[in-house]
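Notes to accompany the following structure.
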Amino acid sequence: MGTHAVEEATDSATVPSRTGLLIIGASQSGVQLAVSLRALGFDEHITLLGDEDHRPYQRPALSKEFLQGMVGSESLIFRSNDYWTGHNVDLVKGEYIARIDKEADGTGVAHASSGRQFPFSRLALAVGARARKLEIDGSDLDGVLYLRNADDALALKSRVGDAQDVVVIGGGFIGLEAASSLQKMGKNVTVLEFGPRLVGRAVGDETAEYFLQAHRSRGLDIRLNATAARFTAADGGGEKPHGVAAVELQDGTVLPAQIVLIGIGVIPNTQLAEQLGLDVDNGVVVDRFALASDGTTVAVGDVANMPNPVPGSAPGERIRLESVNNAIEHAKVAAYSLTGHRAEYAGIPWFWSNQADLKLQIAGLSNGYDQTVLRRDTERGKFSVLYYRQGQVIAADCVNAPLDFMDVKNALAKGQNIPATAAADVATRLKIITTDS
Amino acid sequence: MPTVHFTDAEGSVRDVQGNVGDSVMETAVRNGVPGIVAECGGSLSCATCHVFVREDCVSQLPPMEDMEDEMLYGTAVDREDTSRLSCQLRLTDELELFVTTPETQV
Ligand SMILES: Cc1cc2nc3c(=O)[nH]c(=O)nc-3n(C[C@H](O)[C@H](O)[C@H](O)COP(=O)(O)OP(=O)(O)OC[C@H]3O[C@@H](n4cnc5c(N)ncnc54)[C@H](O)[C@@H]3O)c2cc1C
Ligand code: FES
């Protein structure tokens, strides 16, 4: 057994003894790392530390069910306190690590901005990503909001009641999810996307177009190629802070808005890795086993830039994924590393997004596709796009088509193929036509 | 208090007390019942919260919707007549539920 760190997270006077593993970032990937380590029999003390004041919680609902008030905050919590105590994991909330001193053998001390110190034998960075900020005139006005964590969601929720008009900036997953939720809550929502289509590179053109039409037909005002030039307050400024009242677009259009929600992507939190001198390039660069360039620190989840784990991907290709599934699978890889095993990333990356009554599920990664097959059951409101590279299926976007999603995911996991020539026929289940490549 | 009895594929049992209104999945995950993965946290997107409900308990549960039904066709261990996705099962007052978790969820 490792040494036991102090129990009381609130007692800031004590310098704790050394923890076996310090996990910085107590969210999806940090939680999974701790859980997987215990499942693998790792018996040293674990400190799971994060800067948020909440117990570790799941983010996806923040833009969906939680925003709409369909689930309460308690439902978002990953594990009960008893679970952590029972598994010898110290949960430390509300401590931001500002600096780390680390020795060549992997041990070191993390310094929190509060002055508290956290000595460790081994370090894991599960620090995730932060919302990318939009810096334009008026972006510091009250009511200009982001949506990355629980506090953001609470701030948004607390204002929704008084607002009638909302402008969402960014037509990516979070923007569209929040826009759909707010529309459902009776708000007058406009989505501004500065690009020519929705959802960036995360889905193909057909899916992006499908979402555009589907949202517009549900009454959501979506403007493509639209750039916000400035946010303005009710009157000309003055001493006391004013709430945002309108968004002015580059083409001169003015949209009323008592809330502006910005969802223009995230930036990986690489500050600590940089300070430690680790290789950083769009995230913390890690190897197949989730080890950073020093060979001892692990980095997992949204913050990690890893070799593309999908079988058949180009050699040397790197990728940084932002998804729950990746946070979980990547943390498992790191848990194996930390217990002296060598296990590579397993499973097929997948993702989901719920927007109004549109349930999107994505299996695999479509990067580098050279062919798509549309599988559309208009009558039953199902829509899938299968992506192929050199005749081999590599991914699918499925809207309200869970069976297609499951069949593609299972085929990919088994290294099978779904011939493109037969995939469009909605009368035949994909599983039936799946072949051993 | 509602109670859920989880039996794993090897036959060992965990009895967990839950709160009215919570799902069977939440009750399992929060307490670290190993047989439930629940990647999507209950948004009916992952099918890794699959359980087999003991025959005599099935009637206590609400019927399933189309989406759950379709998702159940993609579970890691094949569905049976008593299969449900545990994130869709809400605990009600005095509920006493017996479920078995499949050998694997992924
Ligand atoms: C609104 C929203 C909706 C989403 N919906 C979906 C979805 O439907 N499906 C899906 O697959 N994914 C979704 N995601 C993405 C998913 O939540 C993330 O991929 C996942 O949370 C990544 O986990 P992580 O632990 O790597 O990083 P994060 O969740 O970003 O956690 C990192 C934690 O580290 C803390 N931290 C950072 N630096 C420090 C420091 N120096 N000291 C102490 N603490 C620090 C942060 O505050 C944070 O709590 C959504 C995300 C958001 C925000
Ligand atoms: S938890 Fe994902 S479907 Fe039930």
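Every chain in the structure tokens takes a letter, A first, then B, and so on in the order presented; its residues are numbered from 1, and the ligands are numbered from 1 following the presented order.
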
- Could you list, as a ChimeraX atom specification, the residues of chain B having an atom within 12 Å of chain A when counting only C-alpha atoms? /B:18-19,21-34,37-48,66-77,87,105-106

- Message: For the structure I just gave you, how does DSSP split range 11-103 of chain B - specifically, which residues are helix (DSSP H, G or I)? Reply as a list in words.
- Response: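 Selecting the helix (DSSP H, G or I) positions of range 11-103 of chain B gives Val24, Met25, Glu26, Thr27, Ala28, Val29, Arg30, Glu55, Asp56, Cys57, Val58, Ser59, Gln60, Asp66, Met67, Glu68, Asp69, Glu70, Met71, Leu72, Tyr73, Gly74, Ser86, Cys87 and Gln88 of chain B.
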
Selection export as a short mmCIF file (atom, residue, chain, number, x, y, z; two decimals), in the first residue's frame, atoms kept: C-alpha atoms:
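To be explicit, this is the file written out as result01.cif:
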data_model
loop_
_atom_site.label_atom_id
_atom_site.label_comp_id
_atom_site.auth_asym_id
_atom_site.auth_seq_id
_atom_site.Cartn_x
_atom_site.Cartn_y
_atom_site.Cartn_z
CA VAL B 24 -31.54 1.40 -12.26
CA MET B 25 -28.46 2.37 -14.26
CA GLU B 26 -27.70 5.41 -12.06
CA THR B 27 -28.16 3.36 -8.95
CA ALA B 28 -25.65 0.82 -10.23
CA VAL B 29 -23.04 3.24 -11.51
CA ARG B 30 -22.98 5.52 -8.52
CA GLU B 55 -39.10 -13.00 -15.22
CA ASP B 56 -41.49 -12.24 -12.34
CA CYS B 57 -40.30 -8.62 -12.19
CA VAL B 58 -40.90 -7.80 -15.84
CA SER B 59 -44.53 -6.83 -15.32
CA GLN B 60 -43.56 -4.17 -12.74
CA ASP B 66 -39.09 1.89 -29.99
CA MET B 67 -35.69 3.45 -29.47
CA GLU B 68 -34.83 1.17 -26.56
CA ASP B 69 -36.10 -1.80 -28.52
CA GLU B 70 -33.86 -0.98 -31.47
CA MET B 71 -30.83 -0.31 -29.29
CA LEU B 72 -31.25 -3.69 -27.64
CA TYR B 73 -30.49 -5.34 -30.97
CA GLY B 74 -26.95 -4.04 -30.72
CA SER B 86 -31.36 -0.13 -17.27
CA CYS B 87 -31.15 3.62 -17.87
CA GLN B 88 -34.78 3.46 -18.97
#

- Quick one: residues within 10 Å of Lys187 in chain A, only C-alpha atoms counted, chain neighbours fewer than 5 positions away excluded, as a list in words?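 The residues that qualify are Val160, Gly161, Ala163, Gln164, Asp165, Val166, Val167, Ala179, Ser180, Ser181 and Leu182 of chain A.
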
N, CA, C and O atoms of the current selection, written as a tab-separated table (two decimals), in the first residue's frame:
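The file below, part-v3.tsv, is the result:
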chain	number	residue	atom	x	y	z
A	160	VAL	N	-32.01	32.24	-18.15
A	160	VAL	CA	-32.95	31.85	-19.20
A	160	VAL	C	-34.34	32.43	-18.95
A	160	VAL	O	-35.01	32.88	-19.88
A	161	GLY	N	-34.75	32.43	-17.68
A	161	GLY	CA	-36.09	32.88	-17.35
A	161	GLY	C	-36.41	34.28	-17.85
A	161	GLY	O	-37.50	34.54	-18.35
A	163	ALA	N	-34.90	35.91	-20.28
A	163	ALA	CA	-34.52	36.20	-21.67
A	163	ALA	C	-35.59	35.73	-22.64
A	163	ALA	O	-36.25	34.72	-22.42
A	164	GLN	N	-35.75	36.47	-23.70
A	164	GLN	CA	-36.64	36.02	-24.76
A	164	GLN	C	-35.86	35.66	-26.02
A	164	GLN	O	-36.16	34.68	-26.69
A	165	ASP	N	-34.82	36.44	-26.28
A	165	ASP	CA	-34.04	36.21	-27.50
A	165	ASP	C	-32.63	35.72	-27.16
A	165	ASP	O	-31.93	36.32	-26.35
A	166	VAL	N	-32.25	34.64	-27.81
A	166	VAL	CA	-30.92	34.09	-27.58
A	166	VAL	C	-30.21	33.98	-28.93
A	166	VAL	O	-30.79	33.51	-29.90
A	167	VAL	N	-28.97	34.43	-28.97
A	167	VAL	CA	-28.15	34.19	-30.15
A	167	VAL	C	-27.05	33.21	-29.77
A	167	VAL	O	-26.33	33.43	-28.79
A	179	ALA	N	-28.94	25.28	-28.58
A	179	ALA	CA	-29.96	26.03	-29.33
A	179	ALA	C	-31.28	25.25	-29.33
A	179	ALA	O	-32.34	25.83	-29.10
A	180	SER	N	-31.20	23.94	-29.57
A	180	SER	CA	-32.43	23.13	-29.58
A	180	SER	C	-33.08	23.12	-28.21
A	180	SER	O	-34.31	23.21	-28.10
A	181	SER	N	-32.26	23.00	-27.18
A	181	SER	CA	-32.81	22.99	-25.82
A	181	SER	C	-33.52	24.32	-25.52
A	181	SER	O	-34.64	24.34	-25.01
A	182	LEU	N	-32.85	25.43	-25.86
A	182	LEU	CA	-33.40	26.74	-25.54
A	182	LEU	C	-34.66	27.01	-26.37
A	182	LEU	O	-35.61	27.63	-25.90

- Message: Set the distance at 7 Å and use only C-alpha atoms: which residues neighbour Ala299 in chain A once local chain neighbours fewer than 5 positions away are removed? I'd like the list as a list of chain:residue names.
- Response: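 The filter keeps A:Ala124, A:Leu125, A:Ala126, A:Val284, A:Val286, A:Ala290, A:Leu291, A:Ala292, A:Ala304.
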
- Task: Residues within 7 Å of ligand 1 should be enumerated using only C-alpha atoms and all ligand atoms and returned as a ChimeraX atom specification.
- Result: /A:24-30,49-52,58-63,95-98,126-130,147-149,174,269,272,300-303,322-325,327,351-354

- So how many Å separate CA of Pro56 in chain A and CA of Val31 in chain A, to one decimal? 7.4 Å

- Out of B:Asp78, B:Leu61, B:Asp93, B:Val53, which residue has the shortest atom-to-atom distance to His5 in chain B when counting only C-alpha atoms? B:Val53

- Considering only C-alpha atoms, return as a list in words whatever protein or nucleic-acid residues lie within 7 Å of Thr434 in chain A, sequence-local ones (same chain, fewer than 4 positions apart) excluded.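 Returned residues: Ala411, Gln416, Asn417, Ile418 and Leu430 of chain A.
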
Generate the output file for the selected residues, N, CA, C and O atoms, as a short mmCIF file (atom, residue, chain, number, x, y, z; two decimals), in the first residue's frame.
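File written: selection23.cif
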data_model
loop_
_atom_site.label_atom_id
_atom_site.label_comp_id
_atom_site.auth_asym_id
_atom_site.auth_seq_id
_atom_site.Cartn_x
_atom_site.Cartn_y
_atom_site.Cartn_z
N ALA A 411 -19.70 -4.12 -36.79
CA ALA A 411 -18.92 -4.56 -37.96
C ALA A 411 -17.50 -4.01 -37.88
O ALA A 411 -16.52 -4.73 -38.11
N GLN A 416 -15.06 -6.19 -39.96
CA GLN A 416 -15.88 -6.65 -41.09
C GLN A 416 -16.21 -5.49 -42.03
O GLN A 416 -15.87 -4.35 -41.77
N ASN A 417 -16.86 -5.82 -43.12
CA ASN A 417 -17.25 -4.78 -44.08
C ASN A 417 -18.74 -4.85 -44.37
O ASN A 417 -19.39 -5.88 -44.16
N ILE A 418 -19.28 -3.73 -44.82
CA ILE A 418 -20.68 -3.68 -45.26
C ILE A 418 -20.63 -3.17 -46.70
O ILE A 418 -20.39 -1.98 -46.90
N LEU A 430 -28.45 -3.85 -41.94
CA LEU A 430 -27.03 -3.85 -42.31
C LEU A 430 -26.32 -5.10 -41.82
O LEU A 430 -25.42 -5.62 -42.48
#

As a PDB file with N, CA, C and O atoms, in the first residue's frame, please: every residue in range 9-181 of chain A that a backbone DSSP assignment puts in strand (DSSP E or B).
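Resulting contents of out.pdb:
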ATOM      1  N   THR A  19       1.117  11.088  -2.369  1.00  0.00           N
ATOM      2  CA  THR A  19       0.112  10.184  -2.905  1.00  0.00           C
ATOM      3  C   THR A  19       0.766   9.296  -3.971  1.00  0.00           C
ATOM      4  O   THR A  19       1.738   9.699  -4.611  1.00  0.00           O
ATOM      5  N   GLY A  20       0.226   8.113  -4.162  1.00  0.00           N
ATOM      6  CA  GLY A  20       0.789   7.204  -5.161  1.00  0.00           C
ATOM      7  C   GLY A  20       0.622   7.753  -6.562  1.00  0.00           C
ATOM      8  O   GLY A  20       1.546   7.791  -7.363  1.00  0.00           O
ATOM      9  N   LEU A  21      -0.597   8.203  -6.829  1.00  0.00           N
ATOM     10  CA  LEU A  21      -0.870   8.786  -8.144  1.00  0.00           C
ATOM     11  C   LEU A  21      -1.696  10.032  -7.954  1.00  0.00           C
ATOM     12  O   LEU A  21      -2.745   9.998  -7.302  1.00  0.00           O
ATOM     13  N   LEU A  22      -1.221  11.124  -8.506  1.00  0.00           N
ATOM     14  CA  LEU A  22      -2.006  12.356  -8.502  1.00  0.00           C
ATOM     15  C   LEU A  22      -2.629  12.519  -9.883  1.00  0.00           C
ATOM     16  O   LEU A  22      -1.921  12.625 -10.890  1.00  0.00           O
ATOM     17  N   ILE A  23      -3.963  12.509  -9.912  1.00  0.00           N
ATOM     18  CA  ILE A  23      -4.677  12.745 -11.165  1.00  0.00           C
ATOM     19  C   ILE A  23      -5.167  14.178 -11.143  1.00  0.00           C
ATOM     20  O   ILE A  23      -5.977  14.555 -10.291  1.00  0.00           O
ATOM     21  N   ILE A  24      -4.663  15.000 -12.047  1.00  0.00           N
ATOM     22  CA  ILE A  24      -5.132  16.381 -12.112  1.00  0.00           C
ATOM     23  C   ILE A  24      -6.238  16.453 -13.157  1.00  0.00           C
ATOM     24  O   ILE A  24      -6.034  16.126 -14.320  1.00  0.00           O
ATOM     25  N   ILE A  46      -4.613   7.048  -4.328  1.00  0.00           N
ATOM     26  CA  ILE A  46      -4.894   7.911  -5.482  1.00  0.00           C
ATOM     27  C   ILE A  46      -5.506   9.220  -4.999  1.00  0.00           C
ATOM     28  O   ILE A  46      -6.406   9.215  -4.152  1.00  0.00           O
ATOM     29  N   THR A  47      -5.011  10.320  -5.514  1.00  0.00           N
ATOM     30  CA  THR A  47      -5.665  11.613  -5.286  1.00  0.00           C
ATOM     31  C   THR A  47      -6.250  12.080  -6.618  1.00  0.00           C
ATOM     32  O   THR A  47      -5.530  12.189  -7.610  1.00  0.00           O
ATOM     33  N   LEU A  48      -7.544  12.295  -6.591  1.00  0.00           N
ATOM     34  CA  LEU A  48      -8.253  12.751  -7.793  1.00  0.00           C
ATOM     35  C   LEU A  48      -8.621  14.204  -7.542  1.00  0.00           C
ATOM     36  O   LEU A  48      -9.486  14.494  -6.717  1.00  0.00           O
ATOM     37  N   LEU A  49      -7.919  15.104  -8.213  1.00  0.00           N
ATOM     38  CA  LEU A  49      -8.011  16.521  -7.885  1.00  0.00           C
ATOM     39  C   LEU A  49      -8.532  17.349  -9.048  1.00  0.00           C
ATOM     40  O   LEU A  49      -8.123  17.145 -10.186  1.00  0.00           O
ATOM     41  N   TYR A  57     -18.793  15.197 -12.317  1.00  0.00           N
ATOM     42  CA  TYR A  57     -20.100  15.044 -12.949  1.00  0.00           C
ATOM     43  C   TYR A  57     -19.916  14.867 -14.451  1.00  0.00           C
ATOM     44  O   TYR A  57     -18.868  15.169 -15.016  1.00  0.00           O
ATOM     45  N   ILE A  77     -23.828  13.200 -11.231  1.00  0.00           N
ATOM     46  CA  ILE A  77     -22.670  12.793 -10.434  1.00  0.00           C
ATOM     47  C   ILE A  77     -22.224  11.382 -10.819  1.00  0.00           C
ATOM     48  O   ILE A  77     -23.034  10.467 -10.927  1.00  0.00           O
ATOM     49  N   VAL A  89      -9.648   6.513  -2.601  1.00  0.00           N
ATOM     50  CA  VAL A  89      -9.383   7.623  -3.517  1.00  0.00           C
ATOM     51  C   VAL A  89      -9.774   8.911  -2.798  1.00  0.00           C
ATOM     52  O   VAL A  89     -10.905   9.051  -2.342  1.00  0.00           O
ATOM     53  N   ASP A  90      -8.816   9.829  -2.662  1.00  0.00           N
ATOM     54  CA  ASP A  90      -9.133  11.136  -2.087  1.00  0.00           C
ATOM     55  C   ASP A  90      -9.613  12.059  -3.182  1.00  0.00           C
ATOM     56  O   ASP A  90      -8.906  12.281  -4.165  1.00  0.00           O
ATOM     57  N   LEU A  91     -10.786  12.585  -2.978  1.00  0.00           N
ATOM     58  CA  LEU A  91     -11.329  13.519  -3.939  1.00  0.00           C
ATOM     59  C   LEU A  91     -11.017  14.922  -3.438  1.00  0.00           C
ATOM     60  O   LEU A  91     -11.394  15.279  -2.329  1.00  0.00           O
ATOM     61  N   VAL A  92     -10.305  15.703  -4.216  1.00  0.00           N
ATOM     62  CA  VAL A  92      -9.997  17.077  -3.821  1.00  0.00           C
ATOM     63  C   VAL A  92     -10.664  18.015  -4.814  1.00  0.00           C
ATOM     64  O   VAL A  92     -10.396  17.956  -6.011  1.00  0.00           O
ATOM     65  N   ILE A  97      -4.211  23.600  -9.907  1.00  0.00           N
ATOM     66  CA  ILE A  97      -2.762  23.399  -9.906  1.00  0.00           C
ATOM     67  C   ILE A  97      -2.121  24.402 -10.857  1.00  0.00           C
ATOM     68  O   ILE A  97      -2.428  24.434 -12.050  1.00  0.00           O
ATOM     69  N   ALA A  98      -1.248  25.226 -10.291  1.00  0.00           N
ATOM     70  CA  ALA A  98      -0.648  26.297 -11.070  1.00  0.00           C
ATOM     71  C   ALA A  98       0.737  25.910 -11.572  1.00  0.00           C
ATOM     72  O   ALA A  98       1.215  26.421 -12.582  1.00  0.00           O
ATOM     73  N   ARG A  99       1.405  24.995 -10.858  1.00  0.00           N
ATOM     74  CA  ARG A  99       2.799  24.686 -11.196  1.00  0.00           C
ATOM     75  C   ARG A  99       3.144  23.314 -10.640  1.00  0.00           C
ATOM     76  O   ARG A  99       2.611  22.900  -9.613  1.00  0.00           O
ATOM     77  N   ILE A 100       4.036  22.628 -11.332  1.00  0.00           N
ATOM     78  CA  ILE A 100       4.455  21.302 -10.881  1.00  0.00           C
ATOM     79  C   ILE A 100       5.971  21.222 -10.914  1.00  0.00           C
ATOM     80  O   ILE A 100       6.600  21.612 -11.905  1.00  0.00           O
ATOM     81  N   ASP A 101       6.556  20.734  -9.816  1.00  0.00           N
ATOM     82  CA  ASP A 101       7.991  20.402  -9.824  1.00  0.00           C
ATOM     83  C   ASP A 101       8.094  18.897  -9.980  1.00  0.00           C
ATOM     84  O   ASP A 101       7.518  18.158  -9.188  1.00  0.00           O
ATOM     85  N   LYS A 102       8.844  18.465 -10.971  1.00  0.00           N
ATOM     86  CA  LYS A 102       8.905  17.022 -11.195  1.00  0.00           C
ATOM     87  C   LYS A 102      10.347  16.575 -11.374  1.00  0.00           C
ATOM     88  O   LYS A 102      11.137  17.237 -12.030  1.00  0.00           O
ATOM     89  N   GLY A 108       7.194  14.045  -7.786  1.00  0.00           N
ATOM     90  CA  GLY A 108       7.213  15.497  -7.759  1.00  0.00           C
ATOM     91  C   GLY A 108       6.209  16.092  -6.808  1.00  0.00           C
ATOM     92  O   GLY A 108       5.619  15.380  -5.980  1.00  0.00           O
ATOM     93  N   VAL A 109       6.031  17.383  -6.934  1.00  0.00           N
ATOM     94  CA  VAL A 109       5.073  18.106  -6.089  1.00  0.00           C
ATOM     95  C   VAL A 109       4.262  19.053  -6.971  1.00  0.00           C
ATOM     96  O   VAL A 109       4.815  19.809  -7.756  1.00  0.00           O
ATOM     97  N   ALA A 110       2.935  18.985  -6.816  1.00  0.00           N
ATOM     98  CA  ALA A 110       2.069  19.913  -7.538  1.00  0.00           C
ATOM     99  C   ALA A 110       1.683  21.044  -6.589  1.00  0.00           C
ATOM    100  O   ALA A 110       1.330  20.793  -5.435  1.00  0.00           O
ATOM    101  N   HIS A 111       1.769  22.264  -7.083  1.00  0.00           N
ATOM    102  CA  HIS A 111       1.464  23.428  -6.256  1.00  0.00           C
ATOM    103  C   HIS A 111       0.146  24.045  -6.710  1.00  0.00           C
ATOM    104  O   HIS A 111       0.016  24.453  -7.865  1.00  0.00           O
ATOM    105  N   ALA A 112      -0.780  24.126  -5.766  1.00  0.00           N
ATOM    106  CA  ALA A 112      -2.069  24.736  -6.090  1.00  0.00           C
ATOM    107  C   ALA A 112      -1.986  26.244  -5.911  1.00  0.00           C
ATOM    108  O   ALA A 112      -1.157  26.731  -5.139  1.00  0.00           O
ATOM    109  N   GLN A 117       0.052  22.027  -1.300  1.00  0.00           N
ATOM    110  CA  GLN A 117       0.988  21.240  -2.094  1.00  0.00           C
ATOM    111  C   GLN A 117       0.540  19.793  -2.137  1.00  0.00           C
ATOM    112  O   GLN A 117       0.017  19.272  -1.157  1.00  0.00           O
ATOM    113  N   PHE A 118       0.780  19.161  -3.258  1.00  0.00           N
ATOM    114  CA  PHE A 118       0.380  17.765  -3.430  1.00  0.00           C
ATOM    115  C   PHE A 118       1.553  16.940  -3.966  1.00  0.00           C
ATOM    116  O   PHE A 118       1.753  16.851  -5.179  1.00  0.00           O
ATOM    117  N   PRO A 119       2.330  16.347  -3.043  1.00  0.00           N
ATOM    118  CA  PRO A 119       3.448  15.518  -3.489  1.00  0.00           C
ATOM    119  C   PRO A 119       2.929  14.205  -4.078  1.00  0.00           C
ATOM    120  O   PRO A 119       1.935  13.663  -3.598  1.00  0.00           O
ATOM    121  N   PHE A 120       3.589  13.731  -5.122  1.00  0.00           N
ATOM    122  CA  PHE A 120       3.108  12.519  -5.791  1.00  0.00           C
ATOM    123  C   PHE A 120       4.270  11.626  -6.226  1.00  0.00           C
ATOM    124  O   PHE A 120       5.392  12.099  -6.430  1.00  0.00           O
ATOM    125  N   SER A 121       3.970  10.349  -6.374  1.00  0.00           N
ATOM    126  CA  SER A 121       4.941   9.425  -6.945  1.00  0.00           C
ATOM    127  C   SER A 121       4.811   9.380  -8.452  1.00  0.00           C
ATOM    128  O   SER A 121       5.780   9.162  -9.166  1.00  0.00           O
ATOM    129  N   ARG A 122       3.582   9.543  -8.900  1.00  0.00           N
ATOM    130  CA  ARG A 122       3.315   9.442 -10.332  1.00  0.00           C
ATOM    131  C   ARG A 122       2.226  10.436 -10.683  1.00  0.00           C
ATOM    132  O   ARG A 122       1.344  10.712  -9.860  1.00  0.00           O
ATOM    133  N   LEU A 123       2.259  10.958 -11.905  1.00  0.00           N
ATOM    134  CA  LEU A 123       1.367  12.049 -12.284  1.00  0.00           C
ATOM    135  C   LEU A 123       0.516  11.686 -13.499  1.00  0.00           C
ATOM    136  O   LEU A 123       1.005  11.087 -14.457  1.00  0.00           O
ATOM    137  N   ALA A 124      -0.759  12.059 -13.442  1.00  0.00           N
ATOM    138  CA  ALA A 124      -1.641  11.902 -14.602  1.00  0.00           C
ATOM    139  C   ALA A 124      -2.284  13.249 -14.915  1.00  0.00           C
ATOM    140  O   ALA A 124      -2.813  13.913 -14.015  1.00  0.00           O
ATOM    141  N   LEU A 125      -2.242  13.649 -16.164  1.00  0.00           N
ATOM    142  CA  LEU A 125      -2.897  14.882 -16.588  1.00  0.00           C
ATOM    143  C   LEU A 125      -4.213  14.523 -17.274  1.00  0.00           C
ATOM    144  O   LEU A 125      -4.227  13.901 -18.332  1.00  0.00           O
ATOM    145  N   ALA A 129     -10.125  20.384 -21.653  1.00  0.00           N
ATOM    146  CA  ALA A 129     -10.054  21.524 -22.559  1.00  0.00           C
ATOM    147  C   ALA A 129     -10.946  22.629 -22.030  1.00  0.00           C
ATOM    148  O   ALA A 129     -11.821  22.399 -21.202  1.00  0.00           O
ATOM    149  N   ARG A 130     -10.707  23.833 -22.516  1.00  0.00           N
ATOM    150  CA  ARG A 130     -11.529  24.980 -22.099  1.00  0.00           C
ATOM    151  C   ARG A 130     -12.172  25.603 -23.327  1.00  0.00           C
ATOM    152  O   ARG A 130     -11.687  25.418 -24.451  1.00  0.00           O
ATOM    153  N   ALA A 131     -13.222  26.335 -23.096  1.00  0.00           N
ATOM    154  CA  ALA A 131     -13.938  26.962 -24.210  1.00  0.00           C
ATOM    155  C   ALA A 131     -13.046  27.995 -24.895  1.00  0.00           C
ATOM    156  O   ALA A 131     -12.386  28.791 -24.232  1.00  0.00           O
ATOM    157  N   ASP A 137     -15.775  43.256 -29.810  1.00  0.00           N
ATOM    158  CA  ASP A 137     -16.358  44.352 -29.038  1.00  0.00           C
ATOM    159  C   ASP A 137     -17.560  43.855 -28.238  1.00  0.00           C
ATOM    160  O   ASP A 137     -18.471  43.263 -28.802  1.00  0.00           O
ATOM    161  N   ASP A 142     -22.241  41.479 -19.656  1.00  0.00           N
ATOM    162  CA  ASP A 142     -23.020  40.533 -18.894  1.00  0.00           C
ATOM    163  C   ASP A 142     -23.981  39.801 -19.847  1.00  0.00           C
ATOM    164  O   ASP A 142     -24.588  40.432 -20.712  1.00  0.00           O
ATOM    165  N   VAL A 144     -23.051  37.391 -21.952  1.00  0.00           N
ATOM    166  CA  VAL A 144     -22.286  36.707 -23.003  1.00  0.00           C
ATOM    167  C   VAL A 144     -21.655  35.482 -22.351  1.00  0.00           C
ATOM    168  O   VAL A 144     -20.792  35.604 -21.477  1.00  0.00           O
ATOM    169  N   LEU A 145     -22.102  34.303 -22.744  1.00  0.00           N
ATOM    170  CA  LEU A 145     -21.811  33.095 -21.973  1.00  0.00           C
ATOM    171  C   LEU A 145     -21.160  32.005 -22.820  1.00  0.00           C
ATOM    172  O   LEU A 145     -21.219  32.030 -24.049  1.00  0.00           O
ATOM    173  N   TYR A 146     -20.572  31.037 -22.104  1.00  0.00           N
ATOM    174  CA  TYR A 146     -19.987  29.845 -22.713  1.00  0.00           C
ATOM    175  C   TYR A 146     -20.613  28.623 -22.047  1.00  0.00           C
ATOM    176  O   TYR A 146     -21.323  28.760 -21.038  1.00  0.00           O
ATOM    177  N   ASP A 165     -34.818  36.442 -26.284  1.00  0.00           N
ATOM    178  CA  ASP A 165     -34.036  36.209 -27.504  1.00  0.00           C
ATOM    179  C   ASP A 165     -32.630  35.719 -27.165  1.00  0.00           C
ATOM    180  O   ASP A 165     -31.933  36.321 -26.352  1.00  0.00           O
ATOM    181  N   VAL A 166     -32.250  34.644 -27.806  1.00  0.00           N
ATOM    182  CA  VAL A 166     -30.917  34.088 -27.581  1.00  0.00           C
ATOM    183  C   VAL A 166     -30.207  33.984 -28.926  1.00  0.00           C
ATOM    184  O   VAL A 166     -30.788  33.507 -29.901  1.00  0.00           O
ATOM    185  N   VAL A 167     -28.970  34.433 -28.967  1.00  0.00           N
ATOM    186  CA  VAL A 167     -28.146  34.194 -30.153  1.00  0.00           C
ATOM    187  C   VAL A 167     -27.054  33.212 -29.767  1.00  0.00           C
ATOM    188  O   VAL A 167     -26.327  33.426 -28.788  1.00  0.00           O
ATOM    189  N   VAL A 168     -27.001  32.120 -30.510  1.00  0.00           N
ATOM    190  CA  VAL A 168     -25.961  31.121 -30.285  1.00  0.00           C
ATOM    191  C   VAL A 168     -24.909  31.313 -31.364  1.00  0.00           C
ATOM    192  O   VAL A 168     -25.243  31.349 -32.555  1.00  0.00           O
ATOM    193  N   ILE A 169     -23.681  31.444 -30.953  1.00  0.00           N
ATOM    194  CA  ILE A 169     -22.613  31.632 -31.929  1.00  0.00           C
ATOM    195  C   ILE A 169     -21.826  30.343 -32.059  1.00  0.00           C
ATOM    196  O   ILE A 169     -21.225  29.862 -31.092  1.00  0.00           O
TER     197      ILE A 169
END

- Message: Which residues are near range 198-203 of chain A? Cut-off 12 Å, only C-alpha atoms, ignore same chain within fewer than 5 positions. Put them as a PyMOL selection string.
- Response: chain A and resi 169-177+191-193+208-215+222-226+263-265+321-323+350-353+360-369+372+384-387+395-399

- Message: Using only C-alpha atoms and all ligand atoms, can you tell me which of B:Arg79, B:His50, B:Thr92, B:Met64 comes closest to ligand 2?
- Response: B:His50

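Of the listed residues (B:Thr104, B:Cys49, B:Glu96, B:Leu91), B:Cys49 comes nearest to ligand 2; the distances count only C-alpha atoms and all ligand atoms.
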
- Excluding Gly415 in chain A and any residue of its chain fewer than 5 positions from it, enumerate the residues within 10 Å of it, using only C-alpha atoms, and give them as an MDAnalysis selection string. chainID A and resid 311:312 392:394 409:410 435:437

- Selected residue, from B:Ile36, B:Phe52, B:Leu97, B:Val20, that lies nearest to ligand 2 when counting only C-alpha atoms and all ligand atoms: B:Ile36

- Query: Hey, can you check how far CA of Asn305 in chain A sits from CA of Ile267 in chain A?
  - Reply: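 So the two atoms, CA of Asn305 in chain A and CA of Ile267 in chain A, lie 12.1 Å apart.
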